[in-house]
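Report on one structure; see the data block that follows.
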Amino acid sequence: MQKTNHSVIEDVFALLCAGLFVAFGVHLFQSQDLMIGGAAGIALLGSYAAGLDFGVLFFVINLPFYALAWTQISKRFTLNTFISVSTVSLLSDQVQHVVDISRINPIFAAVFGGILIGTGMLIMFRHSSSLGGLGILAFYLQSKYNLRAGTFQLSVDSVILAAALFYIETPLVVISVLAAFCLNMVISLNHRPERYSLPVKSEKGDDANVSLGNDMHPQNG
């Protein structure tokens, strides 16, 4: 299997670009009160329910998962994920100051926002990074307890969307499902684990390559 290596400069630039893609996608979602899964979904839910800043919530929610990523995946992946999460956290609250969306169709916002976030996450995957959060936990539960990551993530996302019914209108929750579909289609059609894999420590202390899905919908093992 051919491995693709990137320099530190390449990683940082790519992750900054990816963070901007995700942040703008989140801005589109927020403009129409749409939802998403994973840690980003929990942060959005908190912003809708309590009026808190998405960026701050997203950063704080991810903090407990870094230790898990550091010990169970790799140091490089953890550091790159920290860069990605920090970039999204900072930019998501700043986009509104440079972009004014006065009118947009909710369905278009869902489709285009999903594509933007999916593209950003795809870039992250190809540079040994992710949006962190529940995707890391799902990977750990699958490797440690043989609990399928996809099943775990789907269950959590279903709970997040169900909780969103208390704060946003039902049609918007339905449209959010369309957004999740577009996001995952971008990843499933373009992400090739056999080409871009994450270095994970083996029991012998050596690095081994494994694939990891996204925070919204990890790869099934």
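We label chains A, B, ... in the order they appear in the structure tokens, count residues from 1 in each chain, and number ligands from 1 in the order shown.
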Within 10 Å of Asp157 in chain A, counting only C-alpha atoms, which residues show up once you throw out same-chain ones fewer than 6 positions away? Write them as an NGL selection string, please. :A and (35-39 or 41-42 or 134 or 151 or 163 or 180 or 216-217)
Produce a file of the selected residues containing N, CA, C and O atoms, as a compact mmCIF listing (two decimals), in the first residue's frame.
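So the final result, stored in part23.txt, reads:
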```txt
# COMPACT_ATOMS: atom_id res chain seq x y z
N MET A 35 -29.32 21.37 11.92
CA MET A 35 -28.55 20.57 12.86
C MET A 35 -27.53 19.69 12.14
O MET A 35 -27.60 19.50 10.93
N ILE A 36 -26.62 19.14 12.92
CA ILE A 36 -25.62 18.22 12.43
C ILE A 36 -25.33 17.24 13.55
O ILE A 36 -25.75 17.46 14.69
N GLY A 37 -24.62 16.16 13.26
CA GLY A 37 -24.36 15.16 14.29
C GLY A 37 -23.04 15.39 14.99
O GLY A 37 -22.34 16.37 14.77
N GLY A 38 -22.69 14.46 15.89
CA GLY A 38 -21.41 14.48 16.57
C GLY A 38 -21.26 15.63 17.56
O GLY A 38 -22.23 16.24 18.00
N ALA A 39 -19.99 15.92 17.88
CA ALA A 39 -19.69 16.99 18.83
C ALA A 39 -20.17 18.34 18.30
O ALA A 39 -20.62 19.19 19.07
N GLY A 41 -22.77 18.80 16.52
CA GLY A 41 -24.21 18.83 16.74
C GLY A 41 -24.56 19.19 18.18
O GLY A 41 -25.51 19.94 18.44
N ILE A 42 -23.79 18.65 19.12
CA ILE A 42 -24.02 18.98 20.53
C ILE A 42 -23.76 20.46 20.77
O ILE A 42 -24.51 21.14 21.49
N LEU A 134 -16.90 12.74 19.32
CA LEU A 134 -17.51 11.42 19.44
C LEU A 134 -16.94 10.40 18.46
O LEU A 134 -17.03 9.20 18.71
N THR A 151 -22.68 2.03 14.39
CA THR A 151 -23.89 1.86 15.20
C THR A 151 -23.92 2.84 16.36
O THR A 151 -24.94 3.48 16.64
N ALA A 163 -33.39 15.48 20.22
CA ALA A 163 -33.36 16.59 21.17
C ALA A 163 -33.58 17.93 20.48
O ALA A 163 -34.15 18.86 21.06
N ALA A 180 -27.01 15.86 6.46
CA ALA A 180 -26.15 14.75 6.89
C ALA A 180 -25.89 13.79 5.74
O ALA A 180 -24.78 13.25 5.60
N MET A 216 -19.01 12.51 12.47
CA MET A 216 -20.44 12.36 12.30
C MET A 216 -20.82 10.91 12.05
O MET A 216 -21.88 10.45 12.44
N HIS A 217 -19.91 10.19 11.33
CA HIS A 217 -20.29 8.82 10.94
C HIS A 217 -19.05 8.00 10.68
O HIS A 217 -18.63 7.84 9.54
```
Give the strand (DSSP E) residues of range 20-212 of chain A, as assigned by DSSP on the backbone, as a PyMOL selection string. chain A and resi 198-201+207-210
Go ahead and save the residues from that selection, with N, CA, C and O atoms, as a PDB file, in the first residue's frame.
```pdb
ATOM      1  N   LEU A 198      -4.683   6.235   9.289  1.00  0.00           N
ATOM      2  CA  LEU A 198      -4.147   6.851  10.490  1.00  0.00           C
ATOM      3  C   LEU A 198      -3.128   5.936  11.151  1.00  0.00           C
ATOM      4  O   LEU A 198      -3.351   4.732  11.261  1.00  0.00           O
ATOM      5  N   PRO A 199      -2.013   6.490  11.612  1.00  0.00           N
ATOM      6  CA  PRO A 199      -1.040   5.672  12.335  1.00  0.00           C
ATOM      7  C   PRO A 199      -1.519   5.409  13.750  1.00  0.00           C
ATOM      8  O   PRO A 199      -1.793   6.325  14.501  1.00  0.00           O
ATOM      9  N   VAL A 200      -1.650   4.148  14.113  1.00  0.00           N
ATOM     10  CA  VAL A 200      -2.120   3.772  15.447  1.00  0.00           C
ATOM     11  C   VAL A 200      -1.090   2.876  16.096  1.00  0.00           C
ATOM     12  O   VAL A 200      -0.551   1.967  15.465  1.00  0.00           O
ATOM     13  N   LYS A 201      -0.827   3.105  17.355  1.00  0.00           N
ATOM     14  CA  LYS A 201       0.153   2.301  18.058  1.00  0.00           C
ATOM     15  C   LYS A 201      -0.328   0.872  18.244  1.00  0.00           C
ATOM     16  O   LYS A 201      -1.449   0.638  18.675  1.00  0.00           O
ATOM     17  N   ASP A 207       4.019   1.587  14.885  1.00  0.00           N
ATOM     18  CA  ASP A 207       2.880   2.253  14.276  1.00  0.00           C
ATOM     19  C   ASP A 207       2.222   1.329  13.268  1.00  0.00           C
ATOM     20  O   ASP A 207       2.884   0.684  12.455  1.00  0.00           O
ATOM     21  N   ALA A 208       0.921   1.270  13.315  1.00  0.00           N
ATOM     22  CA  ALA A 208       0.150   0.507  12.333  1.00  0.00           C
ATOM     23  C   ALA A 208      -0.889   1.428  11.745  1.00  0.00           C
ATOM     24  O   ALA A 208      -1.333   2.373  12.389  1.00  0.00           O
ATOM     25  N   ASN A 209      -1.278   1.170  10.508  1.00  0.00           N
ATOM     26  CA  ASN A 209      -2.233   2.037   9.837  1.00  0.00           C
ATOM     27  C   ASN A 209      -3.646   1.462   9.935  1.00  0.00           C
ATOM     28  O   ASN A 209      -3.876   0.312   9.607  1.00  0.00           O
ATOM     29  N   VAL A 210      -4.577   2.297  10.386  1.00  0.00           N
ATOM     30  CA  VAL A 210      -5.978   1.915  10.407  1.00  0.00           C
ATOM     31  C   VAL A 210      -6.796   3.081   9.896  1.00  0.00           C
ATOM     32  O   VAL A 210      -6.371   4.222   9.941  1.00  0.00           O
TER      33      VAL A 210
END
```
Name the residues in contact with range 54-69 of chain A at a cut-off of 8 Å, using only C-alpha atoms, excluding same-chain residues fewer than 4 positions from it; report them as a PDB file with N, CA, C and O atoms, in the first residue's frame.
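Final output, around-v5.pdb:
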```
ATOM      1  N   ALA A  39     -19.991  15.924  17.878  1.00  0.00           N
ATOM      2  CA  ALA A  39     -19.694  16.994  18.825  1.00  0.00           C
ATOM      3  C   ALA A  39     -20.174  18.341  18.298  1.00  0.00           C
ATOM      4  O   ALA A  39     -20.624  19.193  19.070  1.00  0.00           O
ATOM      5  N   ALA A  40     -20.070  18.538  16.987  1.00  0.00           N
ATOM      6  CA  ALA A  40     -20.553  19.785  16.397  1.00  0.00           C
ATOM      7  C   ALA A  40     -22.057  19.922  16.597  1.00  0.00           C
ATOM      8  O   ALA A  40     -22.565  21.022  16.835  1.00  0.00           O
ATOM      9  N   ILE A  42     -23.791  18.649  19.121  1.00  0.00           N
ATOM     10  CA  ILE A  42     -24.024  18.975  20.532  1.00  0.00           C
ATOM     11  C   ILE A  42     -23.762  20.461  20.767  1.00  0.00           C
ATOM     12  O   ILE A  42     -24.511  21.138  21.492  1.00  0.00           O
ATOM     13  N   ALA A  43     -22.710  20.995  20.140  1.00  0.00           N
ATOM     14  CA  ALA A  43     -22.403  22.414  20.286  1.00  0.00           C
ATOM     15  C   ALA A  43     -23.492  23.282  19.656  1.00  0.00           C
ATOM     16  O   ALA A  43     -23.891  24.313  20.214  1.00  0.00           O
ATOM     17  N   LEU A  44     -23.983  22.886  18.481  1.00  0.00           N
ATOM     18  CA  LEU A  44     -25.077  23.621  17.845  1.00  0.00           C
ATOM     19  C   LEU A  44     -26.331  23.582  18.704  1.00  0.00           C
ATOM     20  O   LEU A  44     -27.024  24.591  18.859  1.00  0.00           O
ATOM     21  N   GLY A  46     -26.475  23.290  21.896  1.00  0.00           N
ATOM     22  CA  GLY A  46     -26.262  24.193  23.013  1.00  0.00           C
ATOM     23  C   GLY A  46     -26.428  25.650  22.628  1.00  0.00           C
ATOM     24  O   GLY A  46     -26.958  26.456  23.408  1.00  0.00           O
ATOM     25  N   SER A  47     -26.008  25.995  21.406  1.00  0.00           N
ATOM     26  CA  SER A  47     -26.148  27.377  20.951  1.00  0.00           C
ATOM     27  C   SER A  47     -27.618  27.728  20.716  1.00  0.00           C
ATOM     28  O   SER A  47     -28.038  28.855  20.984  1.00  0.00           O
ATOM     29  N   ILE A  73      -4.700   6.433  19.560  1.00  0.00           N
ATOM     30  CA  ILE A  73      -4.497   6.601  18.113  1.00  0.00           C
ATOM     31  C   ILE A  73      -3.048   6.987  17.847  1.00  0.00           C
ATOM     32  O   ILE A  73      -2.210   6.137  17.617  1.00  0.00           O
ATOM     33  N   SER A  74      -2.733   8.278  17.906  1.00  0.00           N
ATOM     34  CA  SER A  74      -1.332   8.689  17.747  1.00  0.00           C
ATOM     35  C   SER A  74      -1.188  10.146  18.154  1.00  0.00           C
ATOM     36  O   SER A  74      -2.159  10.903  18.180  1.00  0.00           O
ATOM     37  N   LYS A  75       0.052  10.528  18.436  1.00  0.00           N
ATOM     38  CA  LYS A  75       0.326  11.907  18.848  1.00  0.00           C
ATOM     39  C   LYS A  75       0.098  12.867  17.691  1.00  0.00           C
ATOM     40  O   LYS A  75      -0.448  13.961  17.854  1.00  0.00           O
ATOM     41  N   PHE A  77      -1.891  12.519  15.107  1.00  0.00           N
ATOM     42  CA  PHE A  77      -3.320  12.650  14.873  1.00  0.00           C
ATOM     43  C   PHE A  77      -3.949  13.578  15.919  1.00  0.00           C
ATOM     44  O   PHE A  77      -4.801  14.415  15.593  1.00  0.00           O
ATOM     45  N   THR A  78      -3.541  13.449  17.173  1.00  0.00           N
ATOM     46  CA  THR A  78      -4.093  14.284  18.241  1.00  0.00           C
ATOM     47  C   THR A  78      -3.757  15.750  18.020  1.00  0.00           C
ATOM     48  O   THR A  78      -4.631  16.627  18.149  1.00  0.00           O
ATOM     49  N   PHE A  82      -6.324  18.753  17.149  1.00  0.00           N
ATOM     50  CA  PHE A  82      -6.396  19.962  17.967  1.00  0.00           C
ATOM     51  C   PHE A  82      -6.362  21.207  17.083  1.00  0.00           C
ATOM     52  O   PHE A  82      -7.105  22.173  17.316  1.00  0.00           O
ATOM     53  N   VAL A  85      -9.863  21.418  15.288  1.00  0.00           N
ATOM     54  CA  VAL A  85     -10.935  21.830  16.191  1.00  0.00           C
ATOM     55  C   VAL A  85     -10.763  23.299  16.578  1.00  0.00           C
ATOM     56  O   VAL A  85     -11.744  24.064  16.612  1.00  0.00           O
ATOM     57  N   SER A  86      -9.532  23.706  16.866  1.00  0.00           N
ATOM     58  CA  SER A  86      -9.276  25.100  17.254  1.00  0.00           C
ATOM     59  C   SER A  86      -9.606  26.051  16.108  1.00  0.00           C
ATOM     60  O   SER A  86     -10.186  27.126  16.329  1.00  0.00           O
ATOM     61  N   VAL A  88     -11.752  25.553  13.594  1.00  0.00           N
ATOM     62  CA  VAL A  88     -13.215  25.624  13.432  1.00  0.00           C
ATOM     63  C   VAL A  88     -13.830  26.448  14.550  1.00  0.00           C
ATOM     64  O   VAL A  88     -14.736  27.271  14.317  1.00  0.00           O
ATOM     65  N   SER A  89     -13.354  26.269  15.781  1.00  0.00           N
ATOM     66  CA  SER A  89     -13.889  27.000  16.925  1.00  0.00           C
ATOM     67  C   SER A  89     -13.704  28.504  16.757  1.00  0.00           C
ATOM     68  O   SER A  89     -14.615  29.294  17.056  1.00  0.00           O
ATOM     69  N   LEU A  90     -12.520  28.909  16.289  1.00  0.00           N
ATOM     70  CA  LEU A  90     -12.239  30.332  16.126  1.00  0.00           C
ATOM     71  C   LEU A  90     -12.975  30.940  14.932  1.00  0.00           C
ATOM     72  O   LEU A  90     -13.581  32.012  15.041  1.00  0.00           O
ATOM     73  N   LEU A  91     -12.936  30.238  13.807  1.00  0.00           N
ATOM     74  CA  LEU A  91     -13.500  30.798  12.581  1.00  0.00           C
ATOM     75  C   LEU A  91     -15.031  30.784  12.568  1.00  0.00           C
ATOM     76  O   LEU A  91     -15.644  31.691  11.992  1.00  0.00           O
ATOM     77  N   SER A  92     -15.635  29.800  13.200  1.00  0.00           N
ATOM     78  CA  SER A  92     -17.099  29.684  13.147  1.00  0.00           C
ATOM     79  C   SER A  92     -17.788  30.889  13.769  1.00  0.00           C
ATOM     80  O   SER A  92     -18.875  31.288  13.341  1.00  0.00           O
ATOM     81  N   ASP A  93     -17.164  31.491  14.779  1.00  0.00           N
ATOM     82  CA  ASP A  93     -17.741  32.679  15.412  1.00  0.00           C
ATOM     83  C   ASP A  93     -17.337  33.971  14.724  1.00  0.00           C
ATOM     84  O   ASP A  93     -17.843  35.044  15.060  1.00  0.00           O
ATOM     85  N   GLY A 132     -12.575  15.394  15.721  1.00  0.00           N
ATOM     86  CA  GLY A 132     -12.467  14.926  17.097  1.00  0.00           C
ATOM     87  C   GLY A 132     -13.771  14.430  17.672  1.00  0.00           C
ATOM     88  O   GLY A 132     -14.597  13.823  16.991  1.00  0.00           O
ATOM     89  N   GLY A 133     -13.949  14.671  18.969  1.00  0.00           N
ATOM     90  CA  GLY A 133     -15.212  14.389  19.638  1.00  0.00           C
ATOM     91  C   GLY A 133     -15.636  12.937  19.640  1.00  0.00           C
ATOM     92  O   GLY A 133     -14.848  12.026  19.901  1.00  0.00           O
ATOM     93  N   LEU A 134     -16.902  12.735  19.321  1.00  0.00           N
ATOM     94  CA  LEU A 134     -17.513  11.422  19.439  1.00  0.00           C
ATOM     95  C   LEU A 134     -16.938  10.402  18.464  1.00  0.00           C
ATOM     96  O   LEU A 134     -17.031   9.202  18.706  1.00  0.00           O
ATOM     97  N   ILE A 136     -13.787   9.923  17.917  1.00  0.00           N
ATOM     98  CA  ILE A 136     -12.674   9.303  18.636  1.00  0.00           C
ATOM     99  C   ILE A 136     -13.202   8.268  19.627  1.00  0.00           C
ATOM    100  O   ILE A 136     -12.675   7.166  19.739  1.00  0.00           O
ATOM    101  N   LEU A 137     -14.256   8.637  20.350  1.00  0.00           N
ATOM    102  CA  LEU A 137     -14.855   7.707  21.312  1.00  0.00           C
ATOM    103  C   LEU A 137     -15.412   6.481  20.602  1.00  0.00           C
ATOM    104  O   LEU A 137     -15.251   5.348  21.077  1.00  0.00           O
ATOM    105  N   TYR A 140     -12.603   4.181  19.727  1.00  0.00           N
ATOM    106  CA  TYR A 140     -12.088   3.494  20.907  1.00  0.00           C
ATOM    107  C   TYR A 140     -13.012   2.355  21.333  1.00  0.00           C
ATOM    108  O   TYR A 140     -12.553   1.248  21.633  1.00  0.00           O
TER     109      TYR A 140
END
```
When you draw a straight line from CA of Tyr48 in chain A to CA of Ser84 in chain A, how long is it in Å?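 Computing it gives 23.0 Å between the two atoms.
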One number please: CA of Glu10 in chain A to CA of Ser128 in chain A, in Å, one decimal.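 Between CA of Glu10 in chain A and CA of Ser128 in chain A the gap is 11.6 Å.
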Quick check, in Å to one decimal: how far apart do CA of Val173 in chain A and CA of His27 in chain A lie?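 Separating CA of Val173 in chain A from CA of His27 in chain A is a distance of 16.4 Å.
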For Leu16 in chain A, which residue among A:Leu189, A:Met121, A:Leu34, A:Ala50 is the nearest when counting only C-alpha atoms?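 Of the candidates, the smallest distance to Leu16 in chain A is held by A:Met121.
If only C-alpha atoms are the atoms counted, then among A:Leu28, A:Ala18, A:Leu172, A:Ile187 the closest residue to Met124 in chain A is A:Ala18.
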